[in-house]
>>> print(open('entry.tsv').read())   # TSV, C-alpha atoms
chain	number	residue	atom	x	y	z
A	110	MET	CA	0.00	0.00	0.00
A	111	HIS	CA	1.07	3.61	-0.52
A	112	THR	CA	2.27	5.41	2.60
A	113	PRO	CA	2.89	9.16	2.16
A	114	PRO	CA	6.54	10.16	2.76
A	115	ALA	CA	5.46	12.73	5.37
A	116	LEU	CA	3.77	9.96	7.34
A	117	ARG	CA	6.78	7.66	7.09
A	118	ALA	CA	8.94	10.55	8.30
A	119	LEU	CA	6.98	10.61	11.56
A	120	ARG	CA	8.14	7.07	12.36
A	121	GLY	CA	10.03	7.23	15.66
A	122	SER	CA	9.68	11.01	15.89
A	123	ALA	CA	7.90	10.80	19.25
A	124	VAL	CA	8.47	8.79	22.38
A	125	ILE	CA	6.21	7.76	25.22
A	126	ALA	CA	8.22	9.20	28.09
A	127	GLY	CA	5.97	8.42	31.05
A	128	VAL	CA	3.04	6.14	31.95
A	129	ALA	CA	0.92	5.54	35.03
A	130	THR	CA	-2.33	4.02	36.25
A	131	PHE	CA	-4.45	4.75	39.32
A	132	GLY	CA	-7.44	3.19	41.03
A	133	CYS	CA	-7.62	0.11	38.84
A	134	GLY	CA	-10.32	-2.18	40.16
A	135	GLU	CA	-12.27	-0.25	42.77
A	136	ALA	CA	-11.61	3.42	43.53
A	137	THR	CA	-14.27	3.94	46.17
A	138	GLY	CA	-14.74	7.57	47.11
A	139	TYR	CA	-13.03	8.98	44.02
A	140	THR	CA	-14.67	10.80	41.14
A	141	GLU	CA	-13.86	10.16	37.50
A	142	MET	CA	-11.84	13.38	37.41
A	143	GLU	CA	-9.88	12.52	40.54
A	144	VAL	CA	-8.91	9.10	39.20
A	145	LEU	CA	-7.78	10.72	35.95
A	146	ALA	CA	-5.81	13.41	37.78
A	147	HIS	CA	-3.92	10.94	39.97
A	148	ALA	CA	-2.89	8.92	36.91
A	149	ALA	CA	-1.99	12.07	34.97
A	150	ARG	CA	0.23	13.52	37.68
A	151	ALA	CA	1.98	10.19	38.17
A	152	ALA	CA	2.64	9.81	34.42
A	153	VAL	CA	4.04	13.34	34.19
A	154	ALA	CA	6.32	12.64	37.15
A	155	ASP	CA	7.34	9.33	35.58
A	156	ALA	CA	8.46	11.31	32.53
A	157	GLY	CA	10.58	13.57	34.71
A	158	LEU	CA	8.36	16.56	33.96
A	159	THR	CA	5.95	18.82	35.82
A	160	MET	CA	2.46	19.94	34.89
A	161	ARG	CA	3.97	23.25	33.81
A	162	ASP	CA	5.78	21.36	31.04
A	163	ILE	CA	2.54	19.94	29.61
A	164	ASP	CA	1.31	22.04	26.68
A	165	GLY	CA	-0.73	19.41	24.85
A	166	LEU	CA	-3.77	17.44	26.01
A	167	CYS	CA	-5.67	14.44	24.60
A	168	THR	CA	-8.58	13.03	26.57
A	169	ALA	CA	-12.10	11.64	26.16
A	170	SER	CA	-14.98	10.51	28.35
A	171	VAL	CA	-18.22	8.60	27.91
A	172	LEU	CA	-19.99	11.05	30.22
A	173	SER	CA	-19.00	14.40	28.74
A	174	THR	CA	-18.88	15.75	25.20
A	175	MET	CA	-16.64	18.66	26.28
A	176	TRP	CA	-14.32	16.67	28.53
A	177	PRO	CA	-11.00	18.38	27.59
A	178	MET	CA	-12.21	21.66	29.09
A	179	PRO	CA	-12.88	20.48	32.67
A	180	VAL	CA	-9.69	18.37	32.54
A	181	THR	CA	-7.70	21.45	31.52
A	182	GLU	CA	-9.30	23.39	34.35
A	183	TYR	CA	-8.82	20.69	36.99
A	184	LEU	CA	-5.17	20.03	36.14
A	185	GLY	CA	-4.33	23.72	35.77
A	186	LEU	CA	-3.09	23.35	32.20
A	187	ASN	CA	-2.83	25.88	29.38
A	188	PRO	CA	-2.48	23.58	26.37
A	189	ARG	CA	-1.61	24.85	22.92
A	190	TYR	CA	-2.74	21.56	21.42
A	191	ILE	CA	-6.07	19.98	22.43
A	192	ASN	CA	-7.67	16.78	21.11
A	193	GLY	CA	-11.00	15.57	22.47
A	194	THR	CA	-11.75	13.07	19.70
A	195	MET	CA	-14.14	10.46	21.07
A	196	VAL	CA	-14.40	7.22	19.11
A	197	GLY	CA	-14.99	4.91	22.05
A	198	GLY	CA	-12.37	2.68	23.58
A	199	SER	CA	-9.92	3.17	20.72
A	200	SER	CA	-9.76	6.94	21.32
A	201	PHE	CA	-6.48	7.03	23.22
A	202	VAL	CA	-4.65	4.88	20.67
A	203	ALA	CA	-6.13	7.10	17.95
A	204	HIS	CA	-4.80	10.21	19.73
A	205	LEU	CA	-1.17	9.26	19.07
A	206	LEU	CA	-0.72	10.25	15.43
A	207	PRO	CA	-2.35	13.71	15.67
A	208	ALA	CA	-0.25	14.37	18.79
A	209	MET	CA	2.91	13.33	16.91
A	210	MET	CA	2.01	15.79	14.16
A	211	ALA	CA	1.51	18.59	16.67
A	212	LEU	CA	4.85	17.80	18.32
A	213	GLN	CA	6.69	17.66	15.01
A	214	ALA	CA	5.14	20.97	13.90
A	215	GLY	CA	6.32	22.64	17.11
A	216	GLN	CA	2.78	23.41	18.23
A	217	CYS	CA	3.61	21.80	21.58
A	218	ASN	CA	6.43	20.02	23.38
A	219	ALA	CA	4.80	17.54	25.76
A	220	VAL	CA	1.38	15.94	25.28
A	221	LEU	CA	-0.58	14.33	28.11
A	222	VAL	CA	-3.00	11.56	27.07
A	223	CYS	CA	-5.28	10.68	29.98
A	224	TYR	CA	-8.46	8.87	30.98
A	225	GLY	CA	-10.38	8.09	34.14
A	226	SER	CA	-13.60	6.29	35.00
A	227	THR	CA	-15.37	5.12	38.14
A	228	GLN	CA	-18.10	3.11	36.44
A	229	ARG	CA	-17.87	0.33	39.05
A	230	THR	CA	-18.29	2.38	42.23
A	231	SER	CA	-20.08	5.47	40.93
A	232	THR	CA	-23.81	5.89	41.54
A	233	PHE	CA	-24.09	6.74	37.84
A	234	GLY	CA	-22.87	3.41	36.55
A	235	ARG	CA	-22.97	1.25	33.46
A	236	SER	CA	-26.74	0.72	33.38
A	237	GLU	CA	-27.42	4.45	33.69
A	238	ILE	CA	-24.88	5.17	30.95
A	239	ALA	CA	-26.60	2.63	28.68
A	240	LYS	CA	-29.97	4.34	29.22
A	241	ALA	CA	-28.53	7.76	28.48
A	242	ARG	CA	-26.79	6.46	25.37
A	243	ARG	CA	-30.12	5.36	23.88
A	244	VAL	CA	-31.08	9.04	23.77
A	245	MET	CA	-27.70	10.74	23.20
A	246	ASP	CA	-26.25	8.14	20.83
A	247	PRO	CA	-29.26	6.62	19.04
A	248	GLN	CA	-28.72	3.61	16.81
A	249	PRO	CA	-31.87	3.57	14.67
A	250	TYR	CA	-31.50	0.07	13.24
A	251	GLU	CA	-30.89	-1.57	16.62
A	252	THR	CA	-32.15	0.46	19.59
A	253	PRO	CA	-35.89	-0.17	18.84
A	254	TYR	CA	-35.29	-3.90	19.42
A	255	GLU	CA	-33.66	-3.28	22.81
A	256	PRO	CA	-30.65	-5.56	22.46
A	257	MET	CA	-28.36	-6.09	25.43
A	258	GLN	CA	-25.68	-3.78	24.07
A	259	PRO	CA	-22.78	-3.99	23.66
A	260	LEU	CA	-22.92	-7.67	24.59
A	261	SER	CA	-25.52	-8.71	22.02
A	262	ALA	CA	-23.47	-7.21	19.20
A	263	TYR	CA	-20.33	-9.13	20.13
A	264	ALA	CA	-22.34	-12.32	20.62
A	265	LEU	CA	-23.67	-11.87	17.09
A	266	ALA	CA	-20.12	-11.58	15.72
A	267	ALA	CA	-19.01	-14.59	17.75
A	268	ARG	CA	-21.89	-16.75	16.53
A	269	ARG	CA	-21.20	-15.78	12.91
A	270	HIS	CA	-17.51	-16.65	13.31
A	271	MET	CA	-18.47	-20.03	14.77
A	272	HIS	CA	-20.89	-20.70	11.91
A	273	GLN	CA	-18.53	-19.57	9.18
A	274	TYR	CA	-15.22	-20.98	10.41
A	275	GLY	CA	-16.01	-23.74	12.87
A	276	THR	CA	-14.79	-21.77	15.89
A	277	THR	CA	-15.93	-23.32	19.17
A	278	ARG	CA	-16.80	-22.07	22.62
A	279	ARG	CA	-13.70	-23.88	23.81
A	280	ASP	CA	-11.60	-21.70	21.47
A	281	LEU	CA	-13.17	-18.61	23.02
A	282	ALA	CA	-12.51	-20.02	26.49
A	283	GLU	CA	-8.81	-20.35	25.62
A	284	VAL	CA	-8.71	-16.54	25.33
A	285	ALA	CA	-10.24	-16.01	28.77
A	286	VAL	CA	-7.98	-18.60	30.41
A	287	ALA	CA	-4.85	-17.12	28.83
A	288	ALA	CA	-5.81	-13.63	30.01
A	289	ARG	CA	-6.34	-14.92	33.55
A	290	ALA	CA	-2.96	-16.70	33.52
A	291	TRP	CA	-1.27	-13.38	32.67
A	292	ALA	CA	-3.35	-11.58	35.32
A	293	GLN	CA	-2.12	-14.01	37.97
A	294	LEU	CA	1.38	-12.62	37.31
A	295	ASN	CA	0.18	-9.01	37.63
A	296	PRO	CA	-0.42	-7.57	41.13
A	297	GLU	CA	-2.49	-4.75	39.59
A	298	ALA	CA	-5.01	-7.13	38.00
A	299	PHE	CA	-8.51	-7.10	39.46
A	300	MET	CA	-9.26	-10.82	38.98
A	301	ARG	CA	-6.45	-13.25	39.77
A	302	ASP	CA	-8.29	-16.39	40.86
A	303	PRO	CA	-7.56	-19.58	38.91
A	304	LEU	CA	-9.69	-20.05	35.79
A	305	SER	CA	-9.97	-23.20	33.69
A	306	ILE	CA	-11.51	-23.97	30.32
A	307	ASP	CA	-14.31	-25.85	32.10
A	308	ASP	CA	-14.93	-22.84	34.37
A	309	VAL	CA	-15.56	-20.69	31.30
A	310	LEU	CA	-17.70	-23.28	29.54
A	311	LYS	CA	-19.86	-23.84	32.63
A	312	ALA	CA	-20.18	-20.15	33.53
A	313	ARG	CA	-23.54	-18.40	33.40
A	314	MET	CA	-24.60	-17.70	29.82
A	315	VAL	CA	-25.22	-14.00	29.25
A	316	SER	CA	-25.77	-13.71	25.50
A	317	ASP	CA	-25.33	-16.94	23.57
A	318	PRO	CA	-22.57	-17.97	22.83
A	319	LEU	CA	-20.88	-15.66	25.36
A	320	SER	CA	-20.86	-16.52	29.04
A	321	VAL	CA	-20.01	-14.13	31.84
A	322	ARG	CA	-16.37	-15.29	31.61
A	323	ASP	CA	-16.27	-14.29	27.93
A	324	CYS	CA	-17.03	-10.70	28.96
A	325	CYS	CA	-14.76	-7.93	30.17
A	326	LEU	CA	-14.67	-6.69	33.74
A	327	VAL	CA	-16.57	-3.69	35.05
A	328	THR	CA	-13.99	-1.74	37.05
A	329	ASP	CA	-12.80	1.72	37.94
A	330	GLY	CA	-9.45	2.97	36.73
A	331	GLY	CA	-7.36	5.80	35.40
A	332	GLY	CA	-4.49	5.73	32.94
A	333	ALA	CA	-2.17	8.32	31.45
A	334	LEU	CA	0.89	8.66	29.25
A	335	VAL	CA	3.15	11.49	28.13
A	336	LEU	CA	4.43	11.99	24.58
A	337	THR	CA	7.47	14.13	23.71
A	338	ARG	CA	9.67	14.54	20.66
A	339	ALA	CA	12.31	11.87	20.27
A	340	ASP	CA	15.12	14.43	20.36
A	341	ARG	CA	14.41	14.84	24.08
A	342	ALA	CA	14.81	11.12	24.79
A	343	ALA	CA	18.40	11.39	26.02
A	344	SER	CA	17.40	13.85	28.75
A	345	LEU	CA	14.50	11.77	30.07
A	346	PRO	CA	14.84	9.67	33.23
A	347	ARG	CA	13.08	6.56	31.87
A	348	LYS	CA	13.84	4.31	28.92
A	349	PRO	CA	12.01	5.89	25.97
A	350	VAL	CA	9.52	3.89	23.91
A	351	TYR	CA	9.22	5.09	20.31
A	352	VAL	CA	5.97	5.32	18.35
A	353	LEU	CA	6.83	3.63	15.06
A	354	GLY	CA	3.38	3.49	13.49
A	355	ASN	CA	-0.21	4.47	14.19
A	356	ALA	CA	-3.46	4.40	12.23
A	357	THR	CA	-7.19	4.58	12.88
A	358	ALA	CA	-10.08	3.22	10.81
A	359	ASN	CA	-13.86	3.34	11.19
A	360	TRP	CA	-16.37	1.65	8.89
A	361	ASN	CA	-19.56	1.65	10.94
A	362	ARG	CA	-21.24	2.61	14.20
A	363	GLN	CA	-23.87	-0.10	14.47
A	364	ILE	CA	-22.85	-3.71	14.13
A	365	SER	CA	-25.84	-4.22	11.85
A	366	SER	CA	-24.05	-1.94	9.37
A	367	MET	CA	-20.93	-4.12	9.15
A	368	HIS	CA	-20.46	-5.61	5.69
A	369	ASP	CA	-19.01	-8.78	7.24
A	370	LEU	CA	-19.44	-9.60	10.93
A	371	THR	CA	-16.08	-11.39	10.95
A	372	VAL	CA	-13.96	-8.61	9.38
A	373	THR	CA	-13.30	-5.40	11.33
A	374	ALA	CA	-11.65	-2.11	10.42
A	375	ALA	CA	-8.58	-3.41	12.27
A	376	SER	CA	-7.67	-4.97	8.92
A	377	GLN	CA	-7.18	-1.39	7.65
A	378	SER	CA	-5.72	0.29	10.75
A	379	GLY	CA	-3.26	-2.57	11.22
A	380	ARG	CA	-2.13	-2.57	7.60
A	381	GLU	CA	-1.56	1.19	7.66
A	382	ALA	CA	0.24	1.16	11.03
A	383	PHE	CA	2.56	-1.61	9.86
A	384	ALA	CA	3.28	0.30	6.65
A	385	MET	CA	4.21	3.44	8.59
A	386	ALA	CA	6.42	1.40	10.91
A	387	GLY	CA	8.06	-0.52	8.08
A	388	LEU	CA	7.37	-3.75	9.97
A	389	ALA	CA	5.22	-6.86	9.62
A	390	PRO	CA	3.40	-9.07	12.14
A	391	ARG	CA	6.39	-11.44	12.25
A	392	ASP	CA	8.48	-8.54	13.66
A	393	ILE	CA	6.24	-7.97	16.71
A	394	GLY	CA	7.29	-9.36	20.09
A	395	LEU	CA	4.01	-9.00	21.98
A	396	LEU	CA	0.42	-7.88	21.50
A	397	GLU	CA	-1.91	-5.83	23.69
A	398	LEU	CA	-5.38	-6.20	22.18
A	399	TYR	CA	-8.65	-4.66	23.29
A	400	ASP	CA	-10.40	-7.77	24.63
A	401	ALA	CA	-13.79	-6.47	25.66
A	402	PHE	CA	-15.01	-9.98	24.81
A	403	THR	CA	-13.18	-13.18	23.94
A	404	ILE	CA	-14.22	-12.94	20.28
A	405	ASN	CA	-12.32	-9.64	20.00
A	406	THR	CA	-8.98	-11.32	20.47
A	407	LEU	CA	-9.68	-13.86	17.72
A	408	LEU	CA	-10.91	-11.22	15.28
A	409	PHE	CA	-7.95	-8.92	15.89
A	410	LEU	CA	-5.37	-11.70	15.64
A	411	GLU	CA	-6.82	-12.39	12.20
A	412	ASP	CA	-7.42	-8.83	11.01
A	413	LEU	CA	-4.00	-7.62	12.15
A	414	GLY	CA	-2.30	-10.40	10.20
A	415	PHE	CA	-1.10	-12.77	12.91
A	416	CYS	CA	-3.08	-15.65	11.45
A	417	PRO	CA	-5.35	-16.15	8.42
A	418	LYS	CA	-9.02	-15.18	8.55
A	419	GLY	CA	-10.99	-17.89	10.27
A	420	GLU	CA	-7.93	-19.43	11.94
A	421	GLY	CA	-8.08	-17.40	15.18
A	422	GLY	CA	-9.74	-20.18	17.16
A	423	ARG	CA	-7.16	-22.75	16.15
A	424	PHE	CA	-4.34	-20.24	16.63
A	425	VAL	CA	-5.04	-19.79	20.36
A	426	GLN	CA	-5.50	-23.45	21.20
A	427	GLY	CA	-3.24	-25.13	23.73
A	428	GLY	CA	-2.28	-21.95	25.59
A	429	ALA	CA	-0.60	-20.42	22.55
A	430	ILE	CA	-1.21	-16.84	23.77
A	431	ALA	CA	-0.79	-17.58	27.50
A	432	PRO	CA	2.47	-17.27	29.47
A	433	GLY	CA	4.96	-19.64	27.88
A	434	GLY	CA	3.02	-19.76	24.59
A	435	ARG	CA	4.34	-18.85	21.18
A	436	LEU	CA	2.88	-15.32	21.13
A	437	PRO	CA	2.39	-13.19	24.28
A	438	VAL	CA	-1.03	-11.53	24.12
A	439	ASN	CA	-2.56	-9.20	26.73
A	440	THR	CA	0.26	-9.63	29.19
A	441	ASN	CA	-1.40	-7.59	31.95
A	442	GLY	CA	-4.53	-9.76	31.93
A	443	GLY	CA	-6.40	-7.53	29.51
A	444	GLY	CA	-9.90	-6.21	29.86
A	445	LEU	CA	-11.04	-9.73	30.71
A	446	SER	CA	-9.03	-10.04	33.93
A	447	CYS	CA	-6.97	-6.89	34.66
A	448	VAL	CA	-9.00	-3.72	34.25
A	449	HIS	CA	-11.86	-2.39	32.13
A	450	PRO	CA	-13.31	0.93	33.31
A	451	GLY	CA	-15.47	1.45	30.24
A	452	MET	CA	-12.77	2.35	27.70
A	453	TYR	CA	-9.71	0.10	27.81
A	454	GLY	CA	-7.55	1.43	24.95
A	455	ILE	CA	-5.10	3.49	26.99
A	456	PHE	CA	-4.21	0.46	29.10
A	457	THR	CA	-3.01	-1.43	26.00
A	458	LEU	CA	-0.45	1.34	25.47
A	459	ILE	CA	0.58	1.49	29.12
A	460	GLU	CA	1.21	-2.25	29.30
A	461	ALA	CA	3.13	-2.22	26.02
A	462	VAL	CA	5.38	0.54	27.36
A	463	ARG	CA	5.96	-1.29	30.63
A	464	GLN	CA	6.94	-4.42	28.73
A	465	LEU	CA	9.32	-2.58	26.39
A	466	ARG	CA	10.93	-0.81	29.34
A	467	GLY	CA	11.41	-4.12	31.14
A	468	ASP	CA	9.18	-2.98	34.02
A	469	ALA	CA	6.61	-5.79	33.92
A	470	GLY	CA	7.95	-7.91	36.78
A	471	ALA	CA	6.87	-11.56	36.84
A	472	ARG	CA	5.00	-11.21	33.55
A	473	GLN	CA	7.94	-9.66	31.68
A	474	VAL	CA	8.39	-10.90	28.12
A	475	ALA	CA	12.11	-11.52	27.70
A	476	GLY	CA	13.89	-9.60	24.96
A	477	ALA	CA	10.89	-7.66	23.70
A	478	VAL	CA	11.86	-4.72	21.45
A	479	THR	CA	8.56	-4.24	19.59
A	480	ALA	CA	4.92	-4.30	20.67
A	481	LEU	CA	1.54	-3.75	19.09
A	482	ALA	CA	-1.25	-2.00	21.02
A	483	HIS	CA	-4.73	-2.09	19.53
A	484	GLY	CA	-7.88	-0.23	20.56
A	485	ASN	CA	-11.52	-0.97	19.71
A	486	GLY	CA	-14.48	1.36	20.09
A	487	GLY	CA	-18.24	0.92	19.98
A	488	THR	CA	-19.46	-2.46	18.75
A	489	LEU	CA	-16.54	-3.49	16.55
A	490	SER	CA	-16.74	0.05	15.19
A	491	SER	CA	-13.62	2.23	15.46
A	492	GLN	CA	-10.22	0.52	15.39
A	493	ALA	CA	-6.82	2.04	16.16
A	494	THR	CA	-3.44	0.32	15.98
A	495	ALA	CA	-0.08	1.46	17.35
A	496	ILE	CA	3.33	-0.10	16.76
A	497	LEU	CA	5.83	0.71	19.51
A	498	GLY	CA	9.50	-0.11	19.87
A	499	THR	CA	12.69	0.44	21.84
A	500	ALA	CA	15.73	2.22	20.38
A	501	ASP	CA	16.83	-1.16	19.01
A	502	ALA	CA	13.78	-1.20	16.74
A	503	LEU	CA	14.51	2.14	15.08
>>> encode(input="entry.tsv", output="structure tokens")
Amino acid sequence: MHTPPALRALRGSAVIAGVATFGCGEATGYTEMEVLAHAARAAVADAGLTMRDIDGLCTASVLSTMWPMPVTEYLGLNPRYINGTMVGGSSFVAHLLPAMMALQAGQCNAVLVCYGSTQRTSTFGRSEIAKARRVMDPQPYETPYEPMQPLSAYALAARRHMHQYGTTRRDLAEVAVAARAWAQLNPEAFMRDPLSIDDVLKARMVSDPLSVRDCCLVTDGGGALVLTRADRAASLPRKPVYVLGNATANWNRQISSMHDLTVTAASQSGREAFAMAGLAPRDIGLLELYDAFTINTLLFLEDLGFCPKGEGGRFVQGGAIAPGGRLPVNTNGGGLSCVHPGMYGIFTLIEAVRQLRGDAGARQVAGAVTALAHGNGGTLSSQATAILGTADAL
């Protein structure tokens, strides 16, 4: 595919200099803004900077259409670059490329990307958000039938994949069990109890063919990262992680508008991100995929080029993506077992950075120099892919 020279020139031009999380799991007594602020301040400190150094801001929220403004106010910022693009859980991965452009143009010098949610402990929780969304985000071909969204949409995709390619519930269970095995190595993960294939298969069915163990967590949590130009890397206190490629694609809002329930826009965002990075799936050391449901992981493994279409179920069999498997996937435990406060995308980036820095403790993937972080928004709607690497990958 054709990649514009100006886009290729951005490869490695920015580094993720700092990352942090806060309140992952239950953050009782904290507001959404407070969780965000704690993560943001910790990420800025991790980068060796102060809030006075931050002159760019990227943020989004399910609850507010003007979220960058109260965040700016609360953190005491005066950003020259502001991005409040909201495309669901992929938003924070999608924020990377525009921020790189702003940095390269000299519009700003340090960009804070941040998110916070207290959907688990807040009185205005997931059910209330779903009711409000029916009015504020109407989906005319689906809402009148009152599906259990987003679960019904992902169950539809899962059932189609099973029908078309012979994927089984056991294949889906492999994804959940692998995520839990990684979570057991991660002290930050919300669910660390043992989980077997049989546990998933016997779990309460929520929307056929997805059981409760095929579904992501409902947690609180904040996450943040700081982007700077790569020419500042030598002066930073932490090992820099370079952004080698980034792309976003969106083909639909409603799942009923997908041309093929088994092919997502990740097939486009992944292809374009790899082209910008000058890399291929075989060059990637680990994957952090937005696993809101077990079917997501299979679809993204296929659409991002790690296995042929329809082979995702067979690809994950036998613990292939679990610790000790042939491809490390969702090494923090993912949205299925680590954290999922409504929008998970930023946590894919944070875990990728921690792995590439060598900061992942017991779950550390040895020798990793490249990582792919992928975000998903809506009901298999927006897709954003980032390719990250250490200095050795430049």
>>> residues_near_point(input="entry.tsv", point="(-12.8, -14.8, 18.2)", cutoff="12 Å", atoms="all atoms listed in the file", output="MDAnalysis selection string")
chainID A and resid 263:285 318:319 323 370:373 400:412 416 418:426
>>> closest_atom_pairs(input="entry.tsv", of="region 410-490 of chain A", to="region 170-176 of chain A", cutoff="12 Å", atoms="only C-alpha atoms", output="JSON lines")
{"residue": "A:Pro450", "atom": "CA", "partner": "A:Val171", "partner_atom": "CA", "distance": 10.6}
{"residue": "A:Gly451", "atom": "CA", "partner": "A:Val171", "partner_atom": "CA", "distance": 8.0}
{"residue": "A:Met452", "atom": "CA", "partner": "A:Val171", "partner_atom": "CA", "distance": 8.3}
{"residue": "A:Tyr453", "atom": "CA", "partner": "A:Ser170", "partner_atom": "CA", "distance": 11.7}
{"residue": "A:Gly486", "atom": "CA", "partner": "A:Val171", "partner_atom": "CA", "distance": 11.3}
{"residue": "A:Gly487", "atom": "CA", "partner": "A:Val171", "partner_atom": "CA", "distance": 11.0}
>>> closest_residue(input="entry.tsv", among="A:Thr137, A:Thr357, A:Thr457, A:Ser236", to="Ala493 (chain A)", atoms="all atoms listed in the file")
A:Thr357
>>> residues_around(input="entry.tsv", residues="region 376-380 of chain A", least_positions_apart="2", cutoff="9 Å", atoms="all atoms listed in the file", output="list in words")
Met110, Asn355, Ala356, Thr357, Ala358, Asn359, Val372, Thr373, Ala374, Ala382, Phe383, Ala384, Met385, Ala389, Phe409, Glu411, Asp412, Leu413, Gly414, His483, Gln492, Ala493, Thr494, Ala495 and Ile496 of chain A
>>> axis_aligned_box(input="entry.tsv", around="region 171-176 of chain A", padding_each_side="8 Å", output="JSON")
{"center_x": -17.2, "center_y": 13.6, "center_z": 27.7, "size_x": 21.7, "size_y": 26.1, "size_z": 21.0}
>>> residues_around(input="entry.tsv", residues="Thr440 (chain A)", least_positions_apart="4", cutoff="8 Å", atoms="all atoms listed in the file", output="ChimeraX atom specification")
/A:288,291-292,396-397,432,460,472
>>> atom_distance(input="entry.tsv", atom1="CA of Gly121 (chain A)", atom2="CA of Gly354 (chain A)")
7.9 Å
>>> atom_distance(input="entry.tsv", atom1="CA of Gly165 (chain A)", atom2="CA of Pro188 (chain A)")
4.8 Å
>>> residues_around(input="entry.tsv", residues="region 210-227 of chain A", least_positions_apart="6", cutoff="8 Å", atoms="only C-alpha atoms", output="NGL selection string")
:A and (119 or 122-123 or 135-136 or 139-146 or 148-149 or 153 or 162-170 or 188-190 or 201 or 204 or 234 or 328-338 or 450-451 or 455)
>>> decode(input="entry.tsv", residues="region 474-494 of chain A", atoms="C-alpha atoms", output="PDB file, in the first residue's frame")
ATOM      1  CA  VAL A 474       8.389 -10.899  28.123  1.00  0.00           C
ATOM      2  CA  ALA A 475      12.114 -11.515  27.698  1.00  0.00           C
ATOM      3  CA  GLY A 476      13.888  -9.602  24.957  1.00  0.00           C
ATOM      4  CA  ALA A 477      10.886  -7.663  23.699  1.00  0.00           C
ATOM      5  CA  VAL A 478      11.863  -4.719  21.448  1.00  0.00           C
ATOM      6  CA  THR A 479       8.561  -4.241  19.595  1.00  0.00           C
ATOM      7  CA  ALA A 480       4.922  -4.301  20.671  1.00  0.00           C
ATOM      8  CA  LEU A 481       1.536  -3.750  19.086  1.00  0.00           C
ATOM      9  CA  ALA A 482      -1.248  -2.002  21.021  1.00  0.00           C
ATOM     10  CA  HIS A 483      -4.728  -2.086  19.534  1.00  0.00           C
ATOM     11  CA  GLY A 484      -7.885  -0.231  20.557  1.00  0.00           C
ATOM     12  CA  ASN A 485     -11.516  -0.972  19.714  1.00  0.00           C
ATOM     13  CA  GLY A 486     -14.481   1.364  20.091  1.00  0.00           C
ATOM     14  CA  GLY A 487     -18.239   0.923  19.981  1.00  0.00           C
ATOM     15  CA  THR A 488     -19.464  -2.457  18.754  1.00  0.00           C
ATOM     16  CA  LEU A 489     -16.537  -3.489  16.551  1.00  0.00           C
ATOM     17  CA  SER A 490     -16.738   0.048  15.186  1.00  0.00           C
ATOM     18  CA  SER A 491     -13.616   2.234  15.463  1.00  0.00           C
ATOM     19  CA  GLN A 492     -10.224   0.522  15.391  1.00  0.00           C
ATOM     20  CA  ALA A 493      -6.820   2.042  16.160  1.00  0.00           C
ATOM     21  CA  THR A 494      -3.437   0.318  15.985  1.00  0.00           C
TER      22      THR A 494
END
